[in-house]
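Asker: Have a peek at data00.cif (mmCIF, C-alpha atoms, pLDDT in the B column; chains and numbers go by the auth columns).
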```
data_upload
#
loop_
_atom_site.group_PDB
_atom_site.id
_atom_site.type_symbol
_atom_site.label_atom_id
_atom_site.label_comp_id
_atom_site.label_asym_id
_atom_site.label_seq_id
_atom_site.Cartn_x
_atom_site.Cartn_y
_atom_site.Cartn_z
_atom_site.B_iso_or_equiv
_atom_site.auth_seq_id
_atom_site.auth_asym_id
ATOM 1 C CA MET A 1 4.071 -32.304 -103.378 90.00 1 V
ATOM 2 C CA LYS A 2 4.703 -28.647 -104.088 95.00 2 V
ATOM 3 C CA VAL A 3 6.328 -26.565 -101.357 96.00 3 V
ATOM 4 C CA GLY A 4 6.703 -22.795 -101.383 97.00 4 V
ATOM 5 C CA VAL A 5 9.496 -21.219 -99.345 97.00 5 V
ATOM 6 C CA PHE A 6 10.441 -17.571 -98.961 97.00 6 V
ATOM 7 C CA ASP A 7 12.991 -15.412 -97.200 95.00 7 V
ATOM 8 C CA SER A 8 14.374 -11.911 -97.658 91.00 8 V
ATOM 9 C CA GLY A 9 17.472 -13.391 -99.312 91.00 9 V
ATOM 10 C CA LEU A 10 19.208 -16.689 -100.004 91.00 10 V
ATOM 11 C CA GLY A 11 19.590 -17.763 -96.367 91.00 11 V
ATOM 12 C CA GLY A 12 16.331 -19.699 -96.463 94.00 12 V
ATOM 13 C CA LEU A 13 17.982 -22.111 -98.909 94.00 13 V
ATOM 14 C CA THR A 14 19.561 -23.741 -95.836 93.00 14 V
ATOM 15 C CA VAL A 15 15.999 -24.754 -94.940 95.00 15 V
ATOM 16 C CA VAL A 16 15.344 -25.898 -98.511 94.00 16 V
ATOM 17 C CA GLN A 17 18.412 -28.119 -98.333 91.00 17 V
ATOM 18 C CA ALA A 18 17.112 -29.783 -95.170 92.00 18 V
ATOM 19 C CA ILE A 19 13.668 -30.280 -96.724 92.00 19 V
ATOM 20 C CA ALA A 20 15.101 -31.718 -99.955 89.00 20 V
ATOM 21 C CA ASN A 21 17.248 -34.160 -97.980 88.00 21 V
ATOM 22 C CA SER A 22 14.274 -35.272 -95.896 88.00 22 V
ATOM 23 C CA LEU A 23 11.404 -35.466 -98.407 88.00 23 V
ATOM 24 C CA LYS A 24 12.184 -36.994 -101.783 84.00 24 V
ATOM 25 C CA GLY A 25 10.454 -36.309 -105.084 86.00 25 V
ATOM 26 C CA ILE A 26 9.057 -32.902 -104.105 90.00 26 V
ATOM 27 C CA GLU A 27 9.027 -29.647 -106.024 92.00 27 V
ATOM 28 C CA VAL A 28 10.245 -26.552 -104.170 94.00 28 V
ATOM 29 C CA PHE A 29 9.524 -22.986 -105.266 95.00 29 V
ATOM 30 C CA TYR A 30 11.863 -20.629 -103.434 95.00 30 V
ATOM 31 C CA ILE A 31 11.554 -16.843 -103.465 95.00 31 V
ATOM 32 C CA ALA A 32 14.445 -14.642 -102.392 93.00 32 V
ATOM 33 C CA ASP A 33 12.773 -11.278 -101.783 93.00 33 V
ATOM 34 C CA THR A 34 16.049 -9.403 -102.213 90.00 34 V
ATOM 35 C CA LEU A 35 14.460 -6.237 -103.558 90.00 35 V
ATOM 36 C CA PHE A 36 12.750 -5.746 -100.193 88.00 36 V
ATOM 37 C CA ALA A 37 15.649 -6.937 -98.021 84.00 37 V
ATOM 38 C CA PRO A 38 16.465 -6.730 -95.210 83.00 38 V
ATOM 39 C CA TYR A 39 13.114 -7.457 -93.570 85.00 39 V
ATOM 40 C CA GLY A 40 14.520 -6.445 -90.193 77.00 40 V
ATOM 41 C CA GLU A 41 14.495 -2.790 -91.232 78.00 41 V
ATOM 42 C CA LYS A 42 10.877 -2.802 -92.430 85.00 42 V
ATOM 43 C CA THR A 43 7.667 -2.274 -90.459 87.00 43 V
ATOM 44 C CA LYS A 44 5.453 -5.175 -89.423 88.00 44 V
ATOM 45 C CA GLU A 45 2.780 -3.946 -91.838 92.00 45 V
ATOM 46 C CA GLN A 46 5.211 -3.883 -94.765 93.00 46 V
ATOM 47 C CA ILE A 47 6.467 -7.389 -94.006 92.00 47 V
ATOM 48 C CA LEU A 48 2.915 -8.697 -93.671 94.00 48 V
ATOM 49 C CA LYS A 49 1.934 -7.243 -97.052 94.00 49 V
ATOM 50 C CA HIS A 50 4.934 -8.839 -98.771 93.00 50 V
ATOM 51 C CA SER A 51 4.275 -12.169 -97.052 96.00 51 V
ATOM 52 C CA LEU A 52 0.652 -12.164 -98.223 96.00 52 V
ATOM 53 C CA ASP A 53 1.609 -11.104 -101.761 95.00 53 V
ATOM 54 C CA ILE A 54 4.267 -13.815 -102.043 96.00 54 V
ATOM 55 C CA THR A 55 1.925 -16.490 -100.686 97.00 55 V
ATOM 56 C CA ASN A 56 -0.848 -15.485 -103.104 96.00 56 V
ATOM 57 C CA TYR A 57 1.655 -15.684 -105.969 94.00 57 V
ATOM 58 C CA LEU A 58 2.879 -19.132 -104.923 96.00 58 V
ATOM 59 C CA ILE A 59 -0.677 -20.465 -104.616 97.00 59 V
ATOM 60 C CA LYS A 60 -2.023 -19.003 -107.851 95.00 60 V
ATOM 61 C CA THR A 61 1.031 -19.568 -110.057 93.00 61 V
ATOM 62 C CA HIS A 62 2.566 -22.742 -108.641 94.00 62 V
ATOM 63 C CA LYS A 63 -0.358 -24.387 -106.801 96.00 63 V
ATOM 64 C CA ILE A 64 1.676 -25.056 -103.651 96.00 64 V
ATOM 65 C CA ASP A 65 0.482 -27.506 -100.989 96.00 65 V
ATOM 66 C CA ALA A 66 2.629 -26.122 -98.175 97.00 66 V
ATOM 67 C CA LEU A 67 4.340 -22.847 -97.270 98.00 67 V
ATOM 68 C CA ILE A 68 7.545 -22.440 -95.285 98.00 68 V
ATOM 69 C CA VAL A 69 8.267 -18.957 -93.920 97.00 69 V
ATOM 70 C CA ALA A 70 12.049 -19.354 -93.773 96.00 70 V
ATOM 71 C CA CYS A 71 12.628 -16.133 -91.872 93.00 71 V
ATOM 72 C CA ASN A 72 12.316 -15.416 -88.152 89.00 72 V
ATOM 73 C CA THR A 73 11.314 -11.775 -88.735 88.00 73 V
ATOM 74 C CA ALA A 74 8.590 -12.631 -91.272 92.00 74 V
ATOM 75 C CA THR A 75 7.325 -15.431 -89.026 93.00 75 V
ATOM 76 C CA SER A 76 6.919 -13.031 -86.136 87.00 76 V
ATOM 77 C CA ALA A 77 5.182 -10.423 -88.289 89.00 77 V
ATOM 78 C CA ALA A 78 2.952 -12.578 -90.486 94.00 78 V
ATOM 79 C CA ILE A 79 2.519 -16.225 -89.456 94.00 79 V
ATOM 80 C CA ILE A 80 -0.804 -15.752 -87.617 94.00 80 V
ATOM 81 C CA ASN A 81 -2.316 -13.779 -90.489 96.00 81 V
ATOM 82 C CA LEU A 82 -1.065 -16.290 -93.079 98.00 82 V
ATOM 83 C CA ARG A 83 -2.732 -19.181 -91.257 97.00 83 V
ATOM 84 C CA GLU A 84 -5.978 -17.230 -90.977 97.00 84 V
ATOM 85 C CA GLU A 85 -5.906 -16.068 -94.597 97.00 85 V
ATOM 86 C CA PHE A 86 -5.043 -19.503 -96.041 97.00 86 V
ATOM 87 C CA PRO A 87 -6.717 -22.090 -93.769 96.00 87 V
ATOM 88 C CA ASN A 88 -6.340 -24.934 -96.294 95.00 88 V
ATOM 89 C CA LEU A 89 -2.582 -24.425 -96.687 97.00 89 V
ATOM 90 C CA ILE A 90 0.048 -26.045 -94.503 96.00 90 V
ATOM 91 C CA VAL A 91 1.948 -23.052 -93.061 97.00 91 V
ATOM 92 C CA ILE A 92 5.158 -23.562 -91.092 97.00 92 V
ATOM 93 C CA GLY A 93 7.149 -20.719 -89.569 95.00 93 V
ATOM 94 C CA THR A 94 10.658 -20.313 -88.210 93.00 94 V
ATOM 95 C CA GLU A 95 11.746 -19.431 -84.704 87.00 95 V
ATOM 96 C CA PRO A 96 15.088 -19.588 -82.873 88.00 96 V
ATOM 97 C CA GLY A 97 15.815 -23.030 -81.403 92.00 97 V
ATOM 98 C CA VAL A 98 16.083 -21.793 -77.834 94.00 98 V
ATOM 99 C CA LYS A 99 14.213 -24.760 -76.355 92.00 99 V
ATOM 100 C CA PRO A 100 16.470 -27.489 -77.818 93.00 100 V
ATOM 101 C CA ALA A 101 19.493 -25.377 -76.864 95.00 101 V
ATOM 102 C CA MET A 102 18.336 -25.254 -73.232 95.00 102 V
ATOM 103 C CA GLN A 103 17.849 -29.014 -73.310 94.00 103 V
ATOM 104 C CA THR A 104 21.285 -29.579 -74.849 95.00 104 V
ATOM 105 C CA THR A 105 23.585 -27.318 -72.825 96.00 105 V
ATOM 106 C CA GLU A 106 25.765 -28.848 -70.127 96.00 106 V
ATOM 107 C CA SER A 107 27.288 -25.589 -68.889 96.00 107 V
ATOM 108 C CA LYS A 108 23.805 -24.053 -68.455 96.00 108 V
ATOM 109 C CA SER A 109 24.915 -21.138 -70.611 97.00 109 V
ATOM 110 C CA ILE A 110 23.660 -20.668 -74.158 97.00 110 V
ATOM 111 C CA GLY A 111 24.167 -17.996 -76.783 97.00 111 V
ATOM 112 C CA VAL A 112 21.642 -16.735 -79.301 97.00 112 V
ATOM 113 C CA LEU A 113 22.783 -15.097 -82.524 96.00 113 V
ATOM 114 C CA ALA A 114 19.950 -13.334 -84.349 92.00 114 V
ATOM 115 C CA THR A 115 18.969 -10.188 -86.183 87.00 115 V
ATOM 116 C CA PRO A 116 18.051 -7.094 -84.135 86.00 116 V
ATOM 117 C CA ALA A 117 14.414 -7.420 -85.280 81.00 117 V
ATOM 118 C CA THR A 118 14.158 -11.028 -84.108 85.00 118 V
ATOM 119 C CA LEU A 119 15.616 -10.336 -80.669 88.00 119 V
ATOM 120 C CA SER A 120 13.358 -7.347 -80.059 84.00 120 V
ATOM 121 C CA GLY A 121 10.269 -9.088 -81.406 81.00 121 V
ATOM 122 C CA GLU A 122 7.367 -10.145 -79.182 81.00 122 V
ATOM 123 C CA LYS A 123 7.584 -13.776 -80.328 82.00 123 V
ATOM 124 C CA TYR A 124 11.193 -14.207 -79.172 88.00 124 V
ATOM 125 C CA GLN A 125 10.658 -12.328 -75.914 89.00 125 V
ATOM 126 C CA LYS A 126 7.632 -14.459 -75.051 89.00 126 V
ATOM 127 C CA LEU A 127 9.495 -17.665 -75.955 89.00 127 V
ATOM 128 C CA LEU A 128 12.380 -16.655 -73.698 90.00 128 V
ATOM 129 C CA LYS A 129 10.054 -15.769 -70.820 90.00 129 V
ATOM 130 C CA ASP A 130 8.116 -19.027 -71.056 91.00 130 V
ATOM 131 C CA LEU A 131 11.217 -21.214 -71.261 91.00 131 V
ATOM 132 C CA SER A 132 12.927 -19.429 -68.376 85.00 132 V
ATOM 133 C CA LEU A 133 10.197 -20.820 -66.133 85.00 133 V
ATOM 134 C CA GLU A 134 11.157 -24.370 -67.160 87.00 134 V
ATOM 135 C CA HIS A 135 14.948 -24.171 -67.379 89.00 135 V
ATOM 136 C CA GLU A 136 17.600 -22.564 -65.184 92.00 136 V
ATOM 137 C CA VAL A 137 19.829 -21.488 -68.033 94.00 137 V
ATOM 138 C CA MET A 138 21.684 -18.250 -68.672 95.00 138 V
ATOM 139 C CA VAL A 139 20.935 -16.818 -72.113 96.00 139 V
ATOM 140 C CA TYR A 140 23.355 -14.440 -73.799 97.00 140 V
ATOM 141 C CA ASP A 141 21.798 -13.046 -76.959 96.00 141 V
ATOM 142 C CA GLN A 142 23.608 -11.003 -79.561 96.00 142 V
ATOM 143 C CA ALA A 143 22.154 -8.874 -82.338 94.00 143 V
ATOM 144 C CA CYS A 144 24.295 -9.549 -85.399 94.00 144 V
ATOM 145 C CA LYS A 145 23.791 -6.368 -87.356 92.00 145 V
ATOM 146 C CA GLY A 146 25.254 -6.595 -90.853 92.00 146 V
ATOM 147 C CA LEU A 147 25.953 -10.339 -90.830 93.00 147 V
ATOM 148 C CA VAL A 148 23.133 -11.188 -93.253 90.00 148 V
ATOM 149 C CA GLU A 149 24.459 -8.607 -95.704 90.00 149 V
ATOM 150 C CA GLN A 150 27.978 -10.101 -95.488 92.00 150 V
ATOM 151 C CA ILE A 151 26.604 -13.542 -96.299 92.00 151 V
ATOM 152 C CA GLU A 152 24.366 -12.312 -99.122 89.00 152 V
ATOM 153 C CA ASN A 153 27.407 -10.621 -100.674 89.00 153 V
ATOM 154 C CA GLY A 154 29.280 -13.923 -100.683 88.00 154 V
ATOM 155 C CA LYS A 155 31.675 -12.878 -97.907 92.00 155 V
ATOM 156 C CA VAL A 156 31.154 -16.053 -95.890 92.00 156 V
ATOM 157 C CA SER A 157 34.868 -16.550 -95.148 91.00 157 V
ATOM 158 C CA HIS A 158 35.898 -12.899 -95.424 94.00 158 V
ATOM 159 C CA VAL A 159 38.240 -11.412 -92.813 96.00 159 V
ATOM 160 C CA ASP A 160 35.639 -8.752 -91.925 96.00 160 V
ATOM 161 C CA THR A 161 33.034 -11.457 -91.264 96.00 161 V
ATOM 162 C CA HIS A 162 35.530 -13.220 -89.020 97.00 162 V
ATOM 163 C CA LYS A 163 36.151 -9.981 -87.096 97.00 163 V
ATOM 164 C CA MET A 164 32.429 -9.376 -86.617 97.00 164 V
ATOM 165 C CA LEU A 165 31.861 -12.873 -85.274 98.00 165 V
ATOM 166 C CA THR A 166 34.924 -12.701 -83.016 97.00 166 V
ATOM 167 C CA THR A 167 33.640 -9.481 -81.433 98.00 167 V
ATOM 168 C CA TRP A 168 30.276 -11.087 -80.707 98.00 168 V
ATOM 169 C CA LEU A 169 31.469 -14.538 -79.686 98.00 169 V
ATOM 170 C CA GLU A 170 34.456 -13.845 -77.431 97.00 170 V
ATOM 171 C CA PRO A 171 32.203 -12.603 -74.565 97.00 171 V
ATOM 172 C CA MET A 172 30.140 -15.792 -74.897 97.00 172 V
ATOM 173 C CA LYS A 173 33.306 -17.867 -74.737 96.00 173 V
ATOM 174 C CA GLU A 174 34.256 -16.098 -71.506 96.00 174 V
ATOM 175 C CA LYS A 175 30.795 -16.950 -70.098 96.00 175 V
ATOM 176 C CA SER A 176 31.328 -20.695 -70.784 96.00 176 V
ATOM 177 C CA VAL A 177 28.651 -20.840 -73.471 97.00 177 V
ATOM 178 C CA ASP A 178 28.655 -24.380 -74.904 97.00 178 V
ATOM 179 C CA THR A 179 25.565 -24.159 -77.147 98.00 179 V
ATOM 180 C CA ILE A 180 24.685 -21.448 -79.654 98.00 180 V
ATOM 181 C CA VAL A 181 21.338 -20.902 -81.352 97.00 181 V
ATOM 182 C CA LEU A 182 21.652 -19.788 -84.973 96.00 182 V
ATOM 183 C CA GLY A 183 18.581 -17.558 -84.930 92.00 183 V
ATOM 184 C CA CYS A 184 18.590 -16.689 -88.626 91.00 184 V
ATOM 185 C CA THR A 185 18.455 -19.025 -91.610 91.00 185 V
ATOM 186 C CA HIS A 186 21.563 -17.335 -93.049 92.00 186 V
ATOM 187 C CA TYR A 187 23.760 -18.144 -90.072 95.00 187 V
ATOM 188 C CA PRO A 188 24.398 -21.873 -90.714 93.00 188 V
ATOM 189 C CA LEU A 189 26.509 -20.638 -93.640 93.00 189 V
ATOM 190 C CA VAL A 190 29.100 -19.277 -91.195 95.00 190 V
ATOM 191 C CA SER A 191 29.093 -22.358 -88.948 95.00 191 V
ATOM 192 C CA ASP A 192 32.735 -23.102 -89.740 94.00 192 V
ATOM 193 C CA LEU A 193 33.822 -19.623 -88.628 96.00 193 V
ATOM 194 C CA ILE A 194 31.821 -19.944 -85.414 97.00 194 V
ATOM 195 C CA LYS A 195 33.466 -23.289 -84.639 97.00 195 V
ATOM 196 C CA GLU A 196 36.875 -21.815 -85.405 96.00 196 V
ATOM 197 C CA ILE A 197 36.303 -19.044 -82.862 97.00 197 V
ATOM 198 C CA MET A 198 34.421 -21.012 -80.194 97.00 198 V
ATOM 199 C CA GLY A 199 36.142 -24.362 -80.578 95.00 199 V
ATOM 200 C CA ALA A 200 35.132 -27.552 -82.365 91.00 200 V
ATOM 201 C CA ASN A 201 33.049 -28.797 -79.419 95.00 201 V
ATOM 202 C CA ILE A 202 30.567 -25.926 -79.570 97.00 202 V
ATOM 203 C CA LYS A 203 27.038 -27.161 -80.245 97.00 203 V
ATOM 204 C CA LEU A 204 25.138 -25.224 -82.913 97.00 204 V
ATOM 205 C CA ILE A 205 21.342 -25.309 -83.083 96.00 205 V
ATOM 206 C CA GLU A 206 19.787 -24.469 -86.465 93.00 206 V
ATOM 207 C CA THR A 207 16.156 -24.749 -87.522 91.00 207 V
ATOM 208 C CA GLY A 208 16.294 -26.341 -90.990 92.00 208 V
ATOM 209 C CA SER A 209 16.162 -29.939 -89.768 89.00 209 V
ATOM 210 C CA ALA A 210 13.337 -29.179 -87.328 91.00 210 V
ATOM 211 C CA ILE A 211 11.279 -27.553 -90.088 94.00 211 V
ATOM 212 C CA ALA A 212 11.878 -30.539 -92.379 93.00 212 V
ATOM 213 C CA ARG A 213 10.688 -32.930 -89.661 91.00 213 V
ATOM 214 C CA ARG A 214 7.629 -30.790 -89.036 92.00 214 V
ATOM 215 C CA LEU A 215 6.732 -30.704 -92.726 94.00 215 V
ATOM 216 C CA GLU A 216 7.220 -34.458 -93.021 91.00 216 V
ATOM 217 C CA SER A 217 4.925 -35.057 -90.038 91.00 217 V
ATOM 218 C CA LEU A 218 2.151 -32.993 -91.641 88.00 218 V
ATOM 219 C CA THR A 219 2.285 -34.583 -95.086 81.00 219 V
ATOM 220 C CA SER A 220 2.109 -38.005 -96.691 68.00 220 V
ATOM 221 C CA ASN A 221 5.035 -37.866 -99.104 58.00 221 V
ATOM 222 C CA ASN A 222 5.112 -41.315 -100.676 58.00 222 V
ATOM 223 C CA ILE A 223 6.613 -40.410 -104.057 56.00 223 V
ATOM 224 C CA LYS A 224 10.171 -41.692 -103.809 58.00 224 V
ATOM 225 C CA ASN A 225 11.002 -42.381 -107.451 59.00 225 V
ATOM 226 C CA LYS A 226 10.552 -38.874 -108.837 75.00 226 V
ATOM 227 C CA GLU A 227 13.308 -36.335 -109.085 81.00 227 V
ATOM 228 C CA THR A 228 13.364 -33.483 -106.580 85.00 228 V
ATOM 229 C CA ARG A 229 13.240 -30.092 -108.261 88.00 229 V
ATOM 230 C CA ILE A 230 14.173 -26.732 -106.770 90.00 230 V
ATOM 231 C CA LYS A 231 13.191 -23.529 -108.551 91.00 231 V
ATOM 232 C CA VAL A 232 14.721 -20.319 -107.229 91.00 232 V
ATOM 233 C CA PHE A 233 13.093 -16.961 -107.937 92.00 233 V
ATOM 234 C CA TYR A 234 14.385 -13.551 -106.892 91.00 234 V
ATOM 235 C CA THR A 235 12.920 -10.058 -106.788 90.00 235 V
ATOM 236 C CA GLY A 236 16.159 -8.061 -106.834 88.00 236 V
ATOM 237 C CA GLU A 237 19.867 -8.702 -107.307 85.00 237 V
ATOM 238 C CA ILE A 238 21.416 -11.966 -106.082 85.00 238 V
ATOM 239 C CA LYS A 239 24.770 -13.703 -106.318 85.00 239 V
ATOM 240 C CA LYS A 240 23.858 -16.806 -108.286 84.00 240 V
ATOM 241 C CA ASP A 241 27.029 -18.664 -107.301 84.00 241 V
ATOM 242 C CA MET A 242 25.762 -18.576 -103.697 86.00 242 V
ATOM 243 C CA ILE A 243 22.860 -20.848 -104.664 86.00 243 V
ATOM 244 C CA ASN A 244 25.093 -23.773 -105.600 81.00 244 V
ATOM 245 C CA MET A 245 27.316 -23.111 -102.600 82.00 245 V
ATOM 246 C CA ILE A 246 24.373 -23.325 -100.190 84.00 246 V
ATOM 247 C CA LEU A 247 22.872 -26.398 -101.839 83.00 247 V
ATOM 248 C CA GLU A 248 26.174 -28.244 -102.306 74.00 248 V
ATOM 249 C CA ASN A 249 25.275 -30.709 -99.545 64.00 249 V
ATOM 250 C CA TRP A 250 21.934 -31.562 -101.103 66.00 250 V
ATOM 251 C CA GLU A 251 22.232 -35.349 -101.080 59.00 251 V
ATOM 252 C CA ASP A 252 20.242 -36.273 -104.194 61.00 252 V
ATOM 253 C CA GLY A 253 21.342 -33.530 -106.511 57.00 253 V
ATOM 254 C CA GLY A 254 18.271 -33.268 -108.714 59.00 254 V
ATOM 255 C CA LYS A 255 17.526 -30.153 -110.723 62.00 255 V
ATOM 256 C CA ILE A 256 17.977 -26.518 -109.749 66.00 256 V
ATOM 257 C CA MET A 257 16.402 -23.822 -111.910 69.00 257 V
ATOM 258 C CA VAL A 258 17.033 -20.112 -111.300 67.00 258 V
ATOM 259 C CA ARG A 259 14.602 -17.570 -112.658 65.00 259 V
ATOM 260 C CA GLU A 260 14.420 -13.806 -112.577 55.00 260 V
ATOM 261 C CA VAL A 261 11.940 -11.540 -110.857 51.00 261 V
ATOM 262 C CA TYR A 262 8.581 -13.180 -110.364 54.00 262 V
ATOM 263 C CA GLU A 263 5.490 -11.391 -111.580 50.00 263 V
ATOM 264 C CA GLN A 264 2.379 -11.217 -109.432 44.00 264 V
#
```
Here is a file; write its structure as structure tokens.
Answerer:
Amino acid sequence: MKVGVFDSGLGGLTVVQAIANSLKGIEVFYIADTLFAPYGEKTKEQILKHSLDITNYLIKTHKIDALIVACNTATSAAIINLREEFPNLIVIGTEPGVKPAMQTTESKSIGVLATPATLSGEKYQKLLKDLSLEHEVMVYDQACKGLVEQIENGKVSHVDTHKMLTTWLEPMKEKSVDTIVLGCTHYPLVSDLIKEIMGANIKLIETGSAIARRLESLTSNNIKNKETRIKVFYTGEIKKDMINMILENWEDGGKIMVREVYEQ
């Protein structure tokens, strides 16, 4: 099975890792659209165009069977159009795990870390409104401006990253938040810092595992004896050492191939 995955940077590789650990013998084509990053600062129309262009490229060049939109912002802007435009393609989007967080919390207080675009988007606001009717939970959301850039630049453990997270998380700690939604595919990469600030017992909800389960439920992946292959493409500059760092917990190993700017 061939799976296409894209994000504005390398954060979506956290989703790829979950997929590779769940479905064996697949081929993943990942596009880091770094030339156009960050998506959160672009218009909905611009994001939609890039999403359609990338999907067309993945279908025509790599003959993908499924598409993962590993970005909350792109999901909000383009997922409906992608499903309409490519009805024969399995299309799976990404959204903050607010529902499982509300089901998990014991203190009835959860935090949501996400990009400004995700928090202000219609999809998130509707999700929050709908779930508030089902659960009596206080939600403290925080727009983490600049965090994606820190991670993309390899500053995962940098003192400035620690300061940013401390500023955002201390108020949540004071509000007895016991569960935090990582509302961006980049954010699992700073999980250790979050636990350091909030305490080891903090529960973190990320979306990679949920996406992997969803993909597995929609496919019949019976090829277990073939090697999993991950091919990473990028449209602008990237830090290649970040790729191995993100995929270091990929259980099977397999092959990783990094290629330069894709051509449509």
Asker: Counting all atoms listed in the file, which residues of region 63-97 of chain V fall within 12 Å of region 110-117 of chain V, and what is the closest atom pair for each with its distance in Å at one decimal, ordered by chain and rising number, as CSV?
Answerer:
```
residue,atom,partner,partner_atom,distance
V:Cys71,CA,V:Thr115,CA,10.4
V:Asn72,CA,V:Thr115,CA,8.7
V:Thr73,CA,V:Ala117,CA,6.4
V:Ala74,CA,V:Ala117,CA,9.8
V:Thr75,CA,V:Ala117,CA,11.3
V:Ser76,CA,V:Ala117,CA,9.4
V:Ala77,CA,V:Ala117,CA,10.2
V:Glu95,CA,V:Ala114,CA,10.2
V:Pro96,CA,V:Val112,CA,8.0
V:Gly97,CA,V:Val112,CA,8.8
```
Asker: Export C-alpha atoms of the chosen residues as an mmCIF file, in the coordinates of the input?
Answerer:
```
data_model
loop_
_atom_site.group_PDB
_atom_site.id
_atom_site.type_symbol
_atom_site.label_atom_id
_atom_site.label_comp_id
_atom_site.auth_asym_id
_atom_site.auth_seq_id
_atom_site.Cartn_x
_atom_site.Cartn_y
_atom_site.Cartn_z
ATOM 1 C CA CYS V 71 12.628 -16.133 -91.872
ATOM 2 C CA ASN V 72 12.316 -15.416 -88.152
ATOM 3 C CA THR V 73 11.314 -11.775 -88.735
ATOM 4 C CA ALA V 74 8.590 -12.631 -91.272
ATOM 5 C CA THR V 75 7.325 -15.431 -89.026
ATOM 6 C CA SER V 76 6.919 -13.031 -86.136
ATOM 7 C CA ALA V 77 5.182 -10.423 -88.289
ATOM 8 C CA GLU V 95 11.746 -19.431 -84.704
ATOM 9 C CA PRO V 96 15.088 -19.588 -82.873
ATOM 10 C CA GLY V 97 15.815 -23.030 -81.403
#
```
Asker: Enclose all atoms of region 69-73 of chain V listed in the file in an axis-aligned box, grow every side by 5 Å, and hand back centre and edge lengths in Å to one decimal, as JSON.
Answerer:
```
{"center_x": 10.4, "center_y": -15.6, "center_z": -91.0, "size_x": 14.4, "size_y": 17.6, "size_z": 15.8}
```
Asker: Might you spell out which residues the PyMOL selection byres ((chain V and resi 199) around 12) would select in the displayed file, as a PDB file with C-alpha atoms, in the frame of the given file?
Answerer:
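For reference, expr11.pdb as written:
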```
ATOM      1  CA  THR V 166      34.924 -12.701 -83.016  1.00 97.00           C
ATOM      2  CA  LEU V 169      31.469 -14.538 -79.686  1.00 98.00           C
ATOM      3  CA  GLU V 170      34.456 -13.845 -77.431  1.00 97.00           C
ATOM      4  CA  MET V 172      30.140 -15.792 -74.897  1.00 97.00           C
ATOM      5  CA  LYS V 173      33.306 -17.867 -74.737  1.00 96.00           C
ATOM      6  CA  SER V 176      31.328 -20.695 -70.784  1.00 96.00           C
ATOM      7  CA  VAL V 177      28.651 -20.840 -73.471  1.00 97.00           C
ATOM      8  CA  ASP V 178      28.655 -24.380 -74.904  1.00 97.00           C
ATOM      9  CA  THR V 179      25.565 -24.159 -77.147  1.00 98.00           C
ATOM     10  CA  ILE V 180      24.685 -21.448 -79.654  1.00 98.00           C
ATOM     11  CA  SER V 191      29.093 -22.358 -88.948  1.00 95.00           C
ATOM     12  CA  ASP V 192      32.735 -23.102 -89.740  1.00 94.00           C
ATOM     13  CA  LEU V 193      33.822 -19.623 -88.628  1.00 96.00           C
ATOM     14  CA  ILE V 194      31.821 -19.944 -85.414  1.00 97.00           C
ATOM     15  CA  LYS V 195      33.466 -23.289 -84.639  1.00 97.00           C
ATOM     16  CA  GLU V 196      36.875 -21.815 -85.405  1.00 96.00           C
ATOM     17  CA  ILE V 197      36.303 -19.044 -82.862  1.00 97.00           C
ATOM     18  CA  MET V 198      34.421 -21.012 -80.194  1.00 97.00           C
ATOM     19  CA  ALA V 200      35.132 -27.552 -82.365  1.00 91.00           C
ATOM     20  CA  ASN V 201      33.049 -28.797 -79.419  1.00 95.00           C
ATOM     21  CA  ILE V 202      30.567 -25.926 -79.570  1.00 97.00           C
ATOM     22  CA  LYS V 203      27.038 -27.161 -80.245  1.00 97.00           C
ATOM     23  CA  LEU V 204      25.138 -25.224 -82.913  1.00 97.00           C
TER      24      LEU V 204
END
```
Asker: Would you please work out which residue, of V:Cys144, V:Leu127, V:Phe233, V:Ala210, is nearest to Tyr57 (chain V) when using only C-alpha atoms?
Answerer: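 Selected residue with least distance to Tyr57 (chain V): V:Phe233.
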Asker: What does the PyMOL selection byres ((chain V and resi 99) around 10) select in this file, as a PDB file with C-alpha atoms, in the frame of the given file?
Answerer:
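Printed below is part27.pdb as written:
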```
ATOM      1  CA  PRO V  96      15.088 -19.588 -82.873  1.00 88.00           C
ATOM      2  CA  GLY V  97      15.815 -23.030 -81.403  1.00 92.00           C
ATOM      3  CA  VAL V  98      16.083 -21.793 -77.834  1.00 94.00           C
ATOM      4  CA  PRO V 100      16.470 -27.489 -77.818  1.00 93.00           C
ATOM      5  CA  ALA V 101      19.493 -25.377 -76.864  1.00 95.00           C
ATOM      6  CA  MET V 102      18.336 -25.254 -73.232  1.00 95.00           C
ATOM      7  CA  GLN V 103      17.849 -29.014 -73.310  1.00 94.00           C
ATOM      8  CA  THR V 104      21.285 -29.579 -74.849  1.00 95.00           C
ATOM      9  CA  LEU V 127       9.495 -17.665 -75.955  1.00 89.00           C
ATOM     10  CA  LEU V 128      12.380 -16.655 -73.698  1.00 90.00           C
ATOM     11  CA  ASP V 130       8.116 -19.027 -71.056  1.00 91.00           C
ATOM     12  CA  LEU V 131      11.217 -21.214 -71.261  1.00 91.00           C
ATOM     13  CA  SER V 132      12.927 -19.429 -68.376  1.00 85.00           C
ATOM     14  CA  GLU V 134      11.157 -24.370 -67.160  1.00 87.00           C
ATOM     15  CA  HIS V 135      14.948 -24.171 -67.379  1.00 89.00           C
ATOM     16  CA  VAL V 181      21.338 -20.902 -81.352  1.00 97.00           C
ATOM     17  CA  ILE V 205      21.342 -25.309 -83.083  1.00 96.00           C
TER      18      ILE V 205
END
```
Asker: Please evaluate the PyMOL selection byres ((chain V and resi 59) around 12) against the displayed coordinates and give the resulting residues as a list of chain:residue names.
Answerer: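 For this structure, the PyMOL selection byres ((chain V and resi 59) around 12) resolves to V:Lys2, V:Val3, V:Gly4, V:Val5, V:Phe29, V:Leu52, V:Asp53, V:Ile54, V:Thr55, V:Asn56, V:Tyr57, V:Leu58, V:Lys60, V:Thr61, V:His62, V:Lys63, V:Ile64, V:Asp65, V:Ala66, V:Leu67, V:Phe86, V:Asn88, V:Leu89, V:Ile90, V:Gln264.
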